[in-house]
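*Asks:* So I've got this file, entry_8.tsv, and it contains TSV, C-alpha atoms:
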```tsv
chain	number	residue	atom	x	y	z
A	1245	MET	CA	7.85	-18.55	-35.70
A	1246	PRO	CA	6.15	-16.46	-38.39
A	1247	HIS	CA	2.36	-16.78	-38.64
A	1248	ILE	CA	2.58	-17.89	-42.29
A	1249	ASN	CA	5.14	-19.81	-44.34
A	1250	PHE	CA	7.20	-17.19	-46.16
A	1251	ASN	CA	9.33	-19.80	-47.96
A	1252	ASN	CA	12.43	-17.82	-46.99
A	1253	ASP	CA	14.41	-17.02	-43.85
A	1254	PHE	CA	14.99	-13.30	-44.30
A	1255	PRO	CA	14.56	-11.18	-41.17
A	1256	GLY	CA	11.72	-8.76	-40.41
A	1257	ILE	CA	9.92	-6.99	-43.23
A	1258	ARG	CA	12.32	-8.52	-45.75
A	1259	SER	CA	10.69	-11.92	-45.32
A	1260	ALA	CA	7.20	-10.55	-45.99
A	1261	MET	CA	8.47	-8.49	-48.92
A	1262	ALA	CA	10.23	-11.48	-50.48
A	1263	TYR	CA	7.00	-13.45	-50.07
A	1264	SER	CA	4.99	-10.72	-51.79
A	1265	PRO	CA	7.23	-8.74	-54.18
A	1266	GLU	CA	4.25	-7.15	-55.92
A	1267	THR	CA	3.30	-5.28	-52.73
A	1268	ALA	CA	6.96	-4.80	-51.74
A	1269	ALA	CA	7.65	-2.73	-54.85
A	1270	PRO	CA	5.36	0.24	-54.07
A	1271	MET	CA	6.32	0.04	-50.36
A	1272	GLY	CA	9.98	0.32	-51.34
A	1273	VAL	CA	9.26	3.30	-53.60
A	1274	LEU	CA	7.30	4.97	-50.80
A	1275	ALA	CA	10.12	4.43	-48.28
A	1276	GLU	CA	12.70	5.73	-50.76
A	1277	ILE	CA	10.80	9.00	-51.29
A	1278	LEU	CA	9.79	9.50	-47.65
A	1279	LEU	CA	13.09	8.60	-46.02
A	1280	ARG	CA	15.72	9.56	-48.58
A	1281	SER	CA	14.37	12.76	-50.10
A	1282	GLU	CA	16.61	15.67	-49.18
A	1283	ASP	CA	13.93	18.25	-49.91
A	1284	GLY	CA	13.27	19.96	-46.57
A	1285	LEU	CA	13.93	17.44	-43.81
A	1286	SER	CA	17.30	15.69	-43.83
A	1287	ARG	CA	17.67	11.93	-44.17
A	1288	ALA	CA	18.75	11.73	-40.53
A	1289	GLU	CA	15.64	13.64	-39.39
A	1290	ARG	CA	13.38	11.42	-41.50
A	1291	GLU	CA	14.94	8.24	-40.11
A	1292	LEU	CA	14.69	9.57	-36.56
A	1293	ILE	CA	10.95	10.09	-37.05
A	1294	GLY	CA	10.66	6.53	-38.44
A	1295	THR	CA	12.69	5.16	-35.54
A	1296	TYR	CA	10.68	7.03	-32.92
A	1297	VAL	CA	7.31	5.90	-34.28
A	1298	SER	CA	8.57	2.30	-34.48
A	1299	TYR	CA	9.73	2.59	-30.87
A	1300	LEU	CA	6.27	3.84	-29.85
A	1301	ASN	CA	4.70	0.93	-31.74
A	1302	ASP	CA	7.07	-1.41	-29.89
A	1303	CYS	CA	8.34	-2.86	-33.17
A	1304	PHE	CA	11.82	-4.06	-32.29
A	1305	TYR	CA	12.92	-4.86	-35.84
A	1306	CYS	CA	11.89	-1.50	-37.37
A	1307	ASN	CA	12.98	0.50	-34.32
A	1308	HIS	CA	16.50	-0.92	-34.44
A	1309	SER	CA	16.76	-1.11	-38.23
A	1310	HIS	CA	15.89	2.56	-38.72
A	1311	GLY	CA	17.77	3.58	-35.58
A	1312	ALA	CA	20.89	2.03	-37.12
A	1313	ILE	CA	20.30	3.88	-40.40
A	1314	ALA	CA	19.77	7.19	-38.55
A	1315	CYS	CA	22.96	6.48	-36.63
A	1316	ILE	CA	24.97	6.24	-39.86
A	1317	TYR	CA	23.54	9.54	-41.11
A	1318	LEU	CA	24.40	11.04	-37.70
A	1319	ASP	CA	28.04	9.99	-38.07
A	1320	GLY	CA	27.70	7.20	-35.54
A	1321	ASP	CA	25.96	9.15	-32.79
A	1322	ASN	CA	23.89	6.28	-31.41
A	1323	GLU	CA	23.48	8.10	-28.11
A	1324	LEU	CA	21.42	10.76	-29.88
A	1325	VAL	CA	19.18	8.09	-31.41
A	1326	GLU	CA	18.68	6.59	-27.95
A	1327	GLN	CA	17.90	10.02	-26.45
A	1328	VAL	CA	15.26	10.67	-29.10
A	1329	ARG	CA	13.61	7.34	-28.28
A	1330	LYS	CA	13.63	7.87	-24.53
A	1331	ASP	CA	12.82	11.60	-24.32
A	1332	TYR	CA	13.26	13.67	-27.46
A	1333	SER	CA	12.36	16.86	-25.57
A	1334	LYS	CA	15.73	16.65	-23.81
A	1335	ALA	CA	17.71	15.49	-26.85
A	1336	PRO	CA	20.12	17.89	-28.58
A	1337	VAL	CA	17.97	18.22	-31.71
A	1338	SER	CA	16.38	21.35	-33.16
A	1339	ASP	CA	13.14	22.79	-31.78
A	1340	LYS	CA	11.69	22.20	-35.22
A	1341	LEU	CA	12.43	18.48	-35.08
A	1342	LYS	CA	11.06	18.29	-31.52
A	1343	SER	CA	7.79	19.85	-32.69
A	1344	LEU	CA	7.63	17.39	-35.60
A	1345	LEU	CA	8.34	14.41	-33.33
A	1346	ALA	CA	5.44	15.61	-31.17
A	1347	ILE	CA	3.19	15.51	-34.25
A	1348	ALA	CA	4.53	12.06	-35.20
A	1349	ALA	CA	3.69	10.77	-31.70
A	1350	LYS	CA	0.12	12.06	-32.07
A	1351	VAL	CA	-0.22	10.41	-35.49
A	1352	GLN	CA	0.98	7.13	-33.98
A	1353	ARG	CA	-1.96	7.21	-31.54
A	1354	GLY	CA	-4.38	8.13	-34.32
A	1355	GLY	CA	-4.65	10.90	-36.92
A	1356	LYS	CA	-7.31	12.88	-35.08
A	1357	ASN	CA	-4.96	13.46	-32.15
A	1358	VAL	CA	-2.96	16.03	-34.11
A	1359	THR	CA	-4.18	19.47	-33.05
A	1360	THR	CA	-4.02	22.91	-34.65
A	1361	ALA	CA	-1.78	23.93	-31.74
A	1362	ASP	CA	0.67	21.11	-32.57
A	1363	VAL	CA	0.85	22.30	-36.17
A	1364	GLU	CA	1.07	26.00	-35.24
A	1365	LEU	CA	3.99	25.26	-32.92
A	1366	ALA	CA	5.82	23.38	-35.68
A	1367	LYS	CA	5.29	26.29	-38.08
A	1368	GLU	CA	6.55	28.71	-35.42
A	1369	LYS	CA	9.71	26.60	-35.14
A	1370	GLY	CA	10.26	26.85	-38.88
A	1371	ALA	CA	8.56	23.74	-40.25
A	1372	THR	CA	7.10	24.17	-43.75
A	1373	ASP	CA	3.84	22.68	-44.94
A	1374	LYS	CA	5.88	20.03	-46.75
A	1375	ASP	CA	7.86	19.19	-43.59
A	1376	ILE	CA	4.57	18.70	-41.73
A	1377	HIS	CA	3.09	16.67	-44.59
A	1378	ASP	CA	6.15	14.44	-44.73
A	1379	THR	CA	6.20	13.98	-40.95
A	1380	VAL	CA	2.54	12.90	-40.89
A	1381	LEU	CA	3.04	10.48	-43.78
A	1382	ILE	CA	6.30	9.03	-42.37
A	1383	ALA	CA	4.57	8.44	-39.03
A	1384	ALA	CA	1.51	6.96	-40.77
A	1385	ALA	CA	3.67	4.75	-43.01
A	1386	PHE	CA	5.50	3.32	-39.99
A	1387	CYS	CA	2.13	2.51	-38.44
A	1388	MET	CA	1.77	0.31	-41.52
A	1389	PHE	CA	5.31	-1.11	-41.70
A	1390	ASN	CA	5.35	-1.92	-37.96
A	1391	ARG	CA	1.99	-3.71	-38.14
A	1392	TYR	CA	3.08	-5.63	-41.22
A	1393	VAL	CA	6.23	-6.83	-39.45
A	1394	ASP	CA	4.63	-7.76	-36.13
A	1395	GLY	CA	1.20	-8.75	-37.45
A	1396	LEU	CA	2.84	-11.63	-39.34
A	1397	ALA	CA	5.27	-12.40	-36.50
A	1398	THR	CA	8.33	-12.07	-38.74
A	1399	ILE	CA	11.71	-13.14	-37.42
A	1400	THR	CA	13.48	-10.50	-35.33
A	1401	PRO	CA	17.28	-10.88	-35.35
A	1402	THR	CA	18.63	-10.93	-31.80
A	1403	ASP	CA	22.19	-10.32	-33.00
A	1404	MET	CA	22.40	-6.53	-32.59
A	1405	ASP	CA	25.58	-6.46	-34.69
A	1406	SER	CA	23.50	-7.44	-37.72
A	1407	TYR	CA	21.47	-4.21	-37.68
A	1408	PRO	CA	24.28	-1.82	-38.72
A	1409	LEU	CA	25.20	-4.19	-41.59
A	1410	ARG	CA	21.70	-4.07	-43.06
A	1411	ALA	CA	21.57	-0.32	-42.32
A	1412	LYS	CA	24.70	0.27	-44.39
A	1413	GLN	CA	23.12	-1.67	-47.23
A	1414	ILE	CA	20.18	0.79	-47.20
A	1415	VAL	CA	22.39	3.86	-46.84
A	1416	ASP	CA	24.52	2.70	-49.80
A	1417	ASN	CA	21.76	1.46	-52.10
A	1418	GLY	CA	18.49	2.95	-50.88
A	1419	TYR	CA	15.19	1.17	-50.36
A	1420	GLY	CA	13.84	-1.29	-52.88
A	1421	ASN	CA	13.51	-4.94	-53.72
A	1422	HIS	CA	17.29	-5.44	-53.57
A	1423	VAL	CA	16.91	-5.87	-49.79
A	1424	PHE	CA	15.53	-9.35	-50.40
A	1425	THR	CA	16.88	-10.25	-53.84
A	1426	ASN	CA	20.53	-9.61	-52.96
A	1427	LYS	CA	22.58	-11.65	-50.55
A	1428	GLN	CA	22.13	-10.52	-46.95
A	1429	PRO	CA	25.15	-8.64	-45.56
A	1430	THR	CA	27.29	-10.49	-43.03
B	1110	MET	CA	-9.74	23.22	-42.52
B	1111	ALA	CA	-6.68	21.15	-43.28
B	1112	HIS	CA	-3.66	21.60	-40.99
B	1113	ILE	CA	-1.50	22.71	-43.93
B	1114	ASN	CA	-2.19	24.59	-47.14
B	1115	LEU	CA	-2.79	21.75	-49.58
B	1116	GLU	CA	-3.25	24.22	-52.45
B	1117	ASN	CA	-6.47	22.45	-53.51
B	1118	ASP	CA	-10.00	21.80	-52.22
B	1119	PHE	CA	-10.25	18.07	-52.90
B	1120	PRO	CA	-11.78	16.01	-50.08
B	1121	GLY	CA	-10.09	13.32	-48.00
B	1122	ILE	CA	-6.90	11.68	-49.21
B	1123	ARG	CA	-7.27	13.38	-52.59
B	1124	GLY	CA	-6.10	16.65	-50.98
B	1125	PRO	CA	-2.67	15.46	-49.79
B	1126	MET	CA	-2.32	13.21	-52.85
B	1127	ALA	CA	-2.69	16.21	-55.16
B	1128	PHE	CA	-0.32	18.17	-52.86
B	1129	SER	CA	2.29	15.40	-53.01
B	1130	PRO	CA	1.99	13.43	-56.28
B	1131	ALA	CA	5.38	11.77	-55.74
B	1132	THR	CA	4.15	9.90	-52.67
B	1133	ALA	CA	0.63	9.50	-54.11
B	1134	LYS	CA	2.00	7.25	-56.86
B	1135	PRO	CA	3.30	4.39	-54.66
B	1136	LEU	CA	0.32	4.77	-52.30
B	1137	ASN	CA	-2.05	4.20	-55.21
B	1138	ASP	CA	0.08	1.41	-56.65
B	1139	LEU	CA	-0.06	-0.33	-53.28
B	1140	ALA	CA	-3.85	0.12	-53.09
B	1141	GLU	CA	-4.18	-1.28	-56.59
B	1142	VAL	CA	-2.34	-4.51	-55.73
B	1143	LEU	CA	-3.90	-4.91	-52.29
B	1144	LEU	CA	-7.50	-4.09	-53.13
B	1145	ARG	CA	-7.87	-5.12	-56.74
B	1146	SER	CA	-5.69	-8.21	-57.23
B	1147	GLU	CA	-7.85	-10.96	-58.63
B	1148	ASN	CA	-7.38	-14.03	-56.49
B	1149	SER	CA	-9.20	-16.00	-53.87
B	1150	LEU	CA	-10.09	-12.92	-51.82
B	1151	SER	CA	-12.57	-11.00	-53.91
B	1152	ARG	CA	-12.43	-7.26	-54.45
B	1153	GLY	CA	-15.57	-6.91	-52.36
B	1154	GLU	CA	-13.98	-8.82	-49.47
B	1155	ARG	CA	-10.78	-6.74	-49.68
B	1156	GLU	CA	-12.73	-3.47	-49.65
B	1157	LEU	CA	-14.81	-4.76	-46.75
B	1158	ILE	CA	-11.64	-5.35	-44.69
B	1159	ALA	CA	-10.50	-1.81	-45.59
B	1160	ALA	CA	-13.86	-0.28	-44.65
B	1161	TYR	CA	-13.91	-2.18	-41.35
B	1162	VAL	CA	-10.40	-1.10	-40.33
B	1163	SER	CA	-11.20	2.49	-41.35
B	1164	SER	CA	-14.30	2.42	-39.16
B	1165	LEU	CA	-12.21	1.14	-36.22
B	1166	ASN	CA	-9.83	4.03	-36.85
B	1167	ASP	CA	-12.86	6.35	-36.95
B	1168	CYS	CA	-11.82	7.72	-40.34
B	1169	PHE	CA	-15.06	9.01	-41.87
B	1170	PHE	CA	-13.72	9.58	-45.38
B	1171	CYS	CA	-11.97	6.21	-45.80
B	1172	GLN	CA	-14.69	4.09	-44.22
B	1173	HIS	CA	-17.30	5.55	-46.56
B	1174	VAL	CA	-15.16	5.48	-49.70
B	1175	HIS	CA	-14.23	1.83	-49.12
B	1176	GLY	CA	-17.62	0.92	-47.68
B	1177	GLY	CA	-19.12	2.33	-50.89
B	1178	LEU	CA	-16.75	0.21	-52.98
B	1179	ALA	CA	-17.47	-2.91	-50.94
B	1180	GLN	CA	-21.19	-2.29	-51.39
B	1181	HIS	CA	-20.67	-1.89	-55.13
B	1182	TYR	CA	-18.69	-5.12	-55.55
B	1183	LEU	CA	-20.77	-7.18	-53.12
B	1184	GLU	CA	-24.01	-5.85	-54.59
B	1185	CYS	CA	-25.40	-5.32	-51.11
B	1186	ASP	CA	-26.99	-2.33	-49.38
B	1187	SER	CA	-25.38	0.12	-46.98
B	1188	ALA	CA	-27.23	-1.49	-44.07
B	1189	PHE	CA	-25.13	-4.62	-44.62
B	1190	ILE	CA	-21.87	-2.65	-44.58
B	1191	ASP	CA	-23.03	-0.91	-41.40
B	1192	ALA	CA	-23.86	-4.29	-39.84
B	1193	VAL	CA	-20.37	-5.62	-40.60
B	1194	LYS	CA	-18.79	-2.54	-39.00
B	1195	LYS	CA	-21.05	-2.84	-35.96
B	1196	ASP	CA	-20.66	-6.59	-35.36
B	1197	TYR	CA	-19.39	-8.72	-38.23
B	1198	MET	CA	-19.87	-11.91	-36.17
B	1199	ASP	CA	-23.60	-11.24	-36.29
B	1200	THR	CA	-23.77	-11.08	-40.11
B	1201	ASN	CA	-24.02	-13.78	-42.76
B	1202	ILE	CA	-20.49	-13.32	-44.12
B	1203	SER	CA	-18.44	-16.52	-44.47
B	1204	ASP	CA	-16.61	-18.05	-41.52
B	1205	LYS	CA	-13.37	-17.34	-43.37
B	1206	MET	CA	-14.19	-13.64	-43.63
B	1207	LYS	CA	-15.13	-13.56	-39.95
B	1208	ALA	CA	-11.74	-15.06	-39.09
B	1209	LEU	CA	-9.92	-12.59	-41.36
B	1210	LEU	CA	-11.82	-9.58	-40.01
B	1211	TRP	CA	-10.85	-10.72	-36.52
B	1212	ILE	CA	-7.19	-10.69	-37.59
B	1213	ALA	CA	-7.66	-7.25	-39.18
B	1214	GLU	CA	-9.21	-6.00	-35.94
B	1215	LYS	CA	-6.13	-7.09	-33.99
B	1216	VAL	CA	-3.73	-5.58	-36.53
B	1217	GLN	CA	-5.56	-2.26	-36.10
B	1218	GLN	CA	-4.81	-2.41	-32.37
B	1219	GLY	CA	-1.16	-3.22	-33.09
B	1220	GLY	CA	0.65	-6.02	-34.91
B	1221	LYS	CA	1.61	-7.93	-31.78
B	1222	ASN	CA	-2.06	-8.47	-30.92
B	1223	VAL	CA	-2.42	-11.09	-33.64
B	1224	THR	CA	-2.17	-14.52	-32.02
B	1225	ALA	CA	-1.25	-17.97	-33.33
B	1226	GLU	CA	-4.72	-19.10	-32.23
B	1227	GLN	CA	-6.32	-16.57	-34.55
B	1228	ILE	CA	-4.14	-17.71	-37.44
B	1229	ASP	CA	-5.05	-21.35	-36.75
B	1230	ALA	CA	-8.73	-20.40	-36.60
B	1231	ALA	CA	-8.44	-18.66	-39.97
B	1232	LYS	CA	-6.66	-21.65	-41.52
B	1233	ILE	CA	-9.36	-24.02	-40.24
B	1234	THR	CA	-11.94	-21.97	-42.14
B	1235	GLY	CA	-9.85	-22.40	-45.30
B	1236	ALA	CA	-7.85	-19.17	-45.31
B	1237	THR	CA	-4.55	-19.52	-47.19
B	1238	ASP	CA	-1.21	-17.99	-46.20
B	1239	LYS	CA	-1.66	-15.51	-49.04
B	1240	GLU	CA	-5.09	-14.46	-47.78
B	1241	ILE	CA	-3.74	-14.01	-44.24
B	1242	HIS	CA	-0.81	-12.01	-45.61
B	1243	ASP	CA	-3.09	-9.78	-47.64
B	1244	THR	CA	-5.47	-9.27	-44.71
B	1245	VAL	CA	-2.63	-8.18	-42.43
B	1246	LEU	CA	-1.22	-5.82	-45.04
B	1247	ILE	CA	-4.62	-4.35	-45.98
B	1248	ALA	CA	-5.31	-3.68	-42.29
B	1249	ALA	CA	-1.81	-2.24	-41.78
B	1250	ALA	CA	-2.06	-0.07	-44.91
B	1251	PHE	CA	-5.36	1.41	-43.73
B	1252	CYS	CA	-3.72	2.27	-40.42
B	1253	MET	CA	-1.50	4.40	-42.67
B	1254	PHE	CA	-4.11	5.81	-45.05
B	1255	ASN	CA	-6.49	6.68	-42.19
B	1256	ARG	CA	-3.73	8.51	-40.28
B	1257	TYR	CA	-2.66	10.38	-43.41
B	1258	VAL	CA	-6.23	11.57	-43.98
B	1259	ASP	CA	-7.02	12.56	-40.38
B	1260	GLY	CA	-3.50	13.56	-39.29
B	1261	LEU	CA	-3.65	16.40	-41.82
B	1262	SER	CA	-7.27	17.17	-40.89
B	1263	THR	CA	-8.62	16.88	-44.43
B	1264	TRP	CA	-12.34	17.52	-44.99
B	1265	ALA	CA	-14.89	14.89	-45.94
B	1266	PRO	CA	-18.30	15.23	-47.61
B	1267	GLU	CA	-21.00	14.47	-45.04
B	1268	ASP	CA	-23.52	13.10	-47.55
B	1269	LYS	CA	-23.01	9.34	-47.63
B	1270	ASN	CA	-24.56	9.13	-51.09
B	1271	TYR	CA	-21.55	11.02	-52.40
B	1272	TYR	CA	-19.39	7.97	-51.67
B	1273	ILE	CA	-21.82	5.43	-53.07
B	1274	GLU	CA	-22.17	7.42	-56.27
B	1275	ARG	CA	-18.41	7.68	-56.77
B	1276	ALA	CA	-17.77	3.99	-56.04
B	1277	LYS	CA	-18.81	2.82	-59.51
B	1278	GLN	CA	-16.30	5.16	-61.18
B	1279	ARG	CA	-13.50	4.06	-58.85
B	1280	ALA	CA	-14.34	0.41	-59.43
B	1281	GLU	CA	-14.07	0.96	-63.18
B	1282	GLN	CA	-10.86	3.00	-63.10
B	1283	GLY	CA	-8.97	1.39	-60.26
B	1284	TYR	CA	-6.33	3.06	-58.11
B	1285	ALA	CA	-3.22	2.87	-60.29
B	1286	GLY	CA	-2.77	6.04	-62.27
B	1287	TYR	CA	-5.34	7.71	-60.03
B	1288	ASP	CA	-5.83	11.38	-60.73
B	1289	ALA	CA	-6.64	12.96	-57.36
B	1290	SER	CA	-8.23	15.96	-59.06
B	1291	LYS	CA	-11.02	13.93	-60.71
```
Write the structure described by the file as structure tokens, please.

*Replies:*
Amino acid sequence: MPHINFNNDFPGIRSAMAYSPETAAPMGVLAEILLRSEDGLSRAERELIGTYVSYLNDCFYCNHSHGAIACIYLDGDNELVEQVRKDYSKAPVSDKLKSLLAIAAKVQRGGKNVTTADVELAKEKGATDKDIHDTVLIAAAFCMFNRYVDGLATITPTDMDSYPLRAKQIVDNGYGNHVFTNKQPT
Amino acid sequence: MAHINLENDFPGIRGPMAFSPATAKPLNDLAEVLLRSENSLSRGERELIAAYVSSLNDCFFCQHVHGGLAQHYLECDSAFIDAVKKDYMDTNISDKMKALLWIAEKVQQGGKNVTAEQIDAAKITGATDKEIHDTVLIAAAFCMFNRYVDGLSTWAPEDKNYYIERAKQRAEQGYAGYDASK
């Protein structure tokens, strides 16, 4: 049961966002820019970073929501998403993305954990300053989203088939208040 | 030195915000709603939660910016802000604020650390659902802001008076429409 009365029965972050649309609006804009920009990192790479950080934060709702979105961008390759979660160093992703996931994992533990060597390696593998900036902010933002979702004990859907439906809604329409003003996909 | 070339010399979060104005906009809009909304949690109390979480995250820049703002709004001295960071239970803040800072402390460790007992304790002291919501989101948001600032290794002025002097200006201008270069 959620820690507060949201006056709605939306799942996960949607319930908190519907409860507080004035804070949901800038969070939706932030997610849209960070996860759907195609400048530098691809949408799939951005969602994989979001998924991985959510996995590290043990946030089931965000981990599986963003994993399902990444999966759509990866043409249904859920195995790759699972490999990134379990051990990205062995996953068939670019060395650049591996070096960025390493930075994201450091950010998850705390900003000061990111070292010059981590950043130098990413640059060596072809990451631009903007790629590194975006990785740090995506990882940091999920340290917020995950805490928002679990800190209020929002409802986590146990029906795993519901995650791809909501994921498609995001892939088709982007992030924004529509996720709690429109009818939930079934 | 910052981990990336931010193309400016601004301290703390102002560096990456000037580097990336597109993401700075929603970050500042969120700060505006969370830290400056006028309702039962005062601006001073909101900034105090932010300063406390930033101190737990060991983010020098954020804890002094928001500590400075809390000091400005609460019309207290920096010793009081330091006392809250050190042991808020041993200060004269309200029981409600103690309960909310305890929730913020758990959010900083990870969302799942917040317990139903803590929520009940906060409600007994008079905290509303809205105040609990805002506390959780302020704490969560500073787990983002702090990581953004330190994850990119931005620099921070060491002189604590710098932050106290700037607090008045920030209190007057707010966060929305924030120009990172000023």

*Asks:* Distance cut-off 8 Å, counting all atoms listed in the file - which residues of chain B neighbour chain A? Return them as an NGL selection string.

*Replies:* :B and (1112-1114 or 1125 or 1131-1132 or 1135-1136 or 1138-1139 or 1142-1143 or 1166 or 1216-1217 or 1219-1223 or 1225 or 1228 or 1238 or 1241-1242 or 1245-1246 or 1249-1262)

*Asks:* Write a file of the selected residues as a PDB file, keeping the file's coordinate frame, keeping C-alpha atoms.

*Replies:*
```
ATOM      1  CA  HIS B1112      -3.660  21.600 -40.990  1.00  0.00           C
ATOM      2  CA  ILE B1113      -1.500  22.710 -43.930  1.00  0.00           C
ATOM      3  CA  ASN B1114      -2.190  24.590 -47.140  1.00  0.00           C
ATOM      4  CA  PRO B1125      -2.670  15.460 -49.790  1.00  0.00           C
ATOM      5  CA  ALA B1131       5.380  11.770 -55.740  1.00  0.00           C
ATOM      6  CA  THR B1132       4.150   9.900 -52.670  1.00  0.00           C
ATOM      7  CA  PRO B1135       3.300   4.390 -54.660  1.00  0.00           C
ATOM      8  CA  LEU B1136       0.320   4.770 -52.300  1.00  0.00           C
ATOM      9  CA  ASP B1138       0.080   1.410 -56.650  1.00  0.00           C
ATOM     10  CA  LEU B1139      -0.060  -0.330 -53.280  1.00  0.00           C
ATOM     11  CA  VAL B1142      -2.340  -4.510 -55.730  1.00  0.00           C
ATOM     12  CA  LEU B1143      -3.900  -4.910 -52.290  1.00  0.00           C
ATOM     13  CA  ASN B1166      -9.830   4.030 -36.850  1.00  0.00           C
ATOM     14  CA  VAL B1216      -3.730  -5.580 -36.530  1.00  0.00           C
ATOM     15  CA  GLN B1217      -5.560  -2.260 -36.100  1.00  0.00           C
ATOM     16  CA  GLY B1219      -1.160  -3.220 -33.090  1.00  0.00           C
ATOM     17  CA  GLY B1220       0.650  -6.020 -34.910  1.00  0.00           C
ATOM     18  CA  LYS B1221       1.610  -7.930 -31.780  1.00  0.00           C
ATOM     19  CA  ASN B1222      -2.060  -8.470 -30.920  1.00  0.00           C
ATOM     20  CA  VAL B1223      -2.420 -11.090 -33.640  1.00  0.00           C
ATOM     21  CA  ALA B1225      -1.250 -17.970 -33.330  1.00  0.00           C
ATOM     22  CA  ILE B1228      -4.140 -17.710 -37.440  1.00  0.00           C
ATOM     23  CA  ASP B1238      -1.210 -17.990 -46.200  1.00  0.00           C
ATOM     24  CA  ILE B1241      -3.740 -14.010 -44.240  1.00  0.00           C
ATOM     25  CA  HIS B1242      -0.810 -12.010 -45.610  1.00  0.00           C
ATOM     26  CA  VAL B1245      -2.630  -8.180 -42.430  1.00  0.00           C
ATOM     27  CA  LEU B1246      -1.220  -5.820 -45.040  1.00  0.00           C
ATOM     28  CA  ALA B1249      -1.810  -2.240 -41.780  1.00  0.00           C
ATOM     29  CA  ALA B1250      -2.060  -0.070 -44.910  1.00  0.00           C
ATOM     30  CA  PHE B1251      -5.360   1.410 -43.730  1.00  0.00           C
ATOM     31  CA  CYS B1252      -3.720   2.270 -40.420  1.00  0.00           C
ATOM     32  CA  MET B1253      -1.500   4.400 -42.670  1.00  0.00           C
ATOM     33  CA  PHE B1254      -4.110   5.810 -45.050  1.00  0.00           C
ATOM     34  CA  ASN B1255      -6.490   6.680 -42.190  1.00  0.00           C
ATOM     35  CA  ARG B1256      -3.730   8.510 -40.280  1.00  0.00           C
ATOM     36  CA  TYR B1257      -2.660  10.380 -43.410  1.00  0.00           C
ATOM     37  CA  VAL B1258      -6.230  11.570 -43.980  1.00  0.00           C
ATOM     38  CA  ASP B1259      -7.020  12.560 -40.380  1.00  0.00           C
ATOM     39  CA  GLY B1260      -3.500  13.560 -39.290  1.00  0.00           C
ATOM     40  CA  LEU B1261      -3.650  16.400 -41.820  1.00  0.00           C
ATOM     41  CA  SER B1262      -7.270  17.170 -40.890  1.00  0.00           C
TER      42      SER B1262
END
```

*Asks:* Using only C-alpha atoms, which residue out of A:Leu1345, A:Glu1282, A:Lys1330, A:Pro1401 lies closest to Phe1304 of chain A?

*Replies:* A:Pro1401

*Asks:* So which residues are close to (-15.1, 8.2, -44.1), meaning at most 9 Å away in the file's coordinates with all atoms listed in the file counted, and can you show them as an MDAnalysis selection string?

*Replies:* chainID B and resid 1121 1160 1163:1164 1167:1176 1255 1265:1267 1269 1272

*Asks:* How about saving the chosen residues, C-alpha atoms kept, as a PDB file, in the coordinates of the input?

*Replies:*
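part20.pdb, freshly written:
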```pdb
ATOM      1  CA  GLY B1121     -10.090  13.320 -48.000  1.00  0.00           C
ATOM      2  CA  ALA B1160     -13.860  -0.280 -44.650  1.00  0.00           C
ATOM      3  CA  SER B1163     -11.200   2.490 -41.350  1.00  0.00           C
ATOM      4  CA  SER B1164     -14.300   2.420 -39.160  1.00  0.00           C
ATOM      5  CA  ASP B1167     -12.860   6.350 -36.950  1.00  0.00           C
ATOM      6  CA  CYS B1168     -11.820   7.720 -40.340  1.00  0.00           C
ATOM      7  CA  PHE B1169     -15.060   9.010 -41.870  1.00  0.00           C
ATOM      8  CA  PHE B1170     -13.720   9.580 -45.380  1.00  0.00           C
ATOM      9  CA  CYS B1171     -11.970   6.210 -45.800  1.00  0.00           C
ATOM     10  CA  GLN B1172     -14.690   4.090 -44.220  1.00  0.00           C
ATOM     11  CA  HIS B1173     -17.300   5.550 -46.560  1.00  0.00           C
ATOM     12  CA  VAL B1174     -15.160   5.480 -49.700  1.00  0.00           C
ATOM     13  CA  HIS B1175     -14.230   1.830 -49.120  1.00  0.00           C
ATOM     14  CA  GLY B1176     -17.620   0.920 -47.680  1.00  0.00           C
ATOM     15  CA  ASN B1255      -6.490   6.680 -42.190  1.00  0.00           C
ATOM     16  CA  ALA B1265     -14.890  14.890 -45.940  1.00  0.00           C
ATOM     17  CA  PRO B1266     -18.300  15.230 -47.610  1.00  0.00           C
ATOM     18  CA  GLU B1267     -21.000  14.470 -45.040  1.00  0.00           C
ATOM     19  CA  LYS B1269     -23.010   9.340 -47.630  1.00  0.00           C
ATOM     20  CA  TYR B1272     -19.390   7.970 -51.670  1.00  0.00           C
TER      21      TYR B1272
END
```

*Asks:* Under the rule that all atoms listed in the file are counted, which of B:Asp1191, B:Asp1199, B:Glu1240, B:Asp1268 is the nearest residue to Ile1212 of chain B?

*Replies:*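 When distances to Ile1212 of chain B are compared using all atoms listed in the file, the smallest one comes from B:Glu1240.
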
*Asks:* Can you pull out the residues contacting segment 1153-1156 of chain B? Cut-off 9 Å, using all atoms listed in the file, and skip same-chain residues under 6 positions away; I want them as a PyMOL selection string.

*Replies:* chain B and resi 1143-1145+1175-1184+1206+1243-1244+1247

*Asks:* Measure the distance from atom CA of Glu1291 of chain A to atom CA of Ala1314 of chain A in Å and round it to one decimal.

*Replies:* 5.2 Å

*Asks:* Using all atoms listed in the file, find the one residue out of B:Ser1187, B:Asn1148, B:Asn1137, B:Ser1129 that sits nearest to Asn1270 of chain B.

*Replies:*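 Closest candidate: B:Ser1187.
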
*Asks:* For Thr1400 of chain A, which residue among A:Arg1329, A:Lys1334, A:Arg1258, A:His1310 is the nearest when counting all atoms listed in the file?

*Replies:*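 Using all atoms listed in the file, the shortest distance to Thr1400 of chain A belongs to A:Arg1258.
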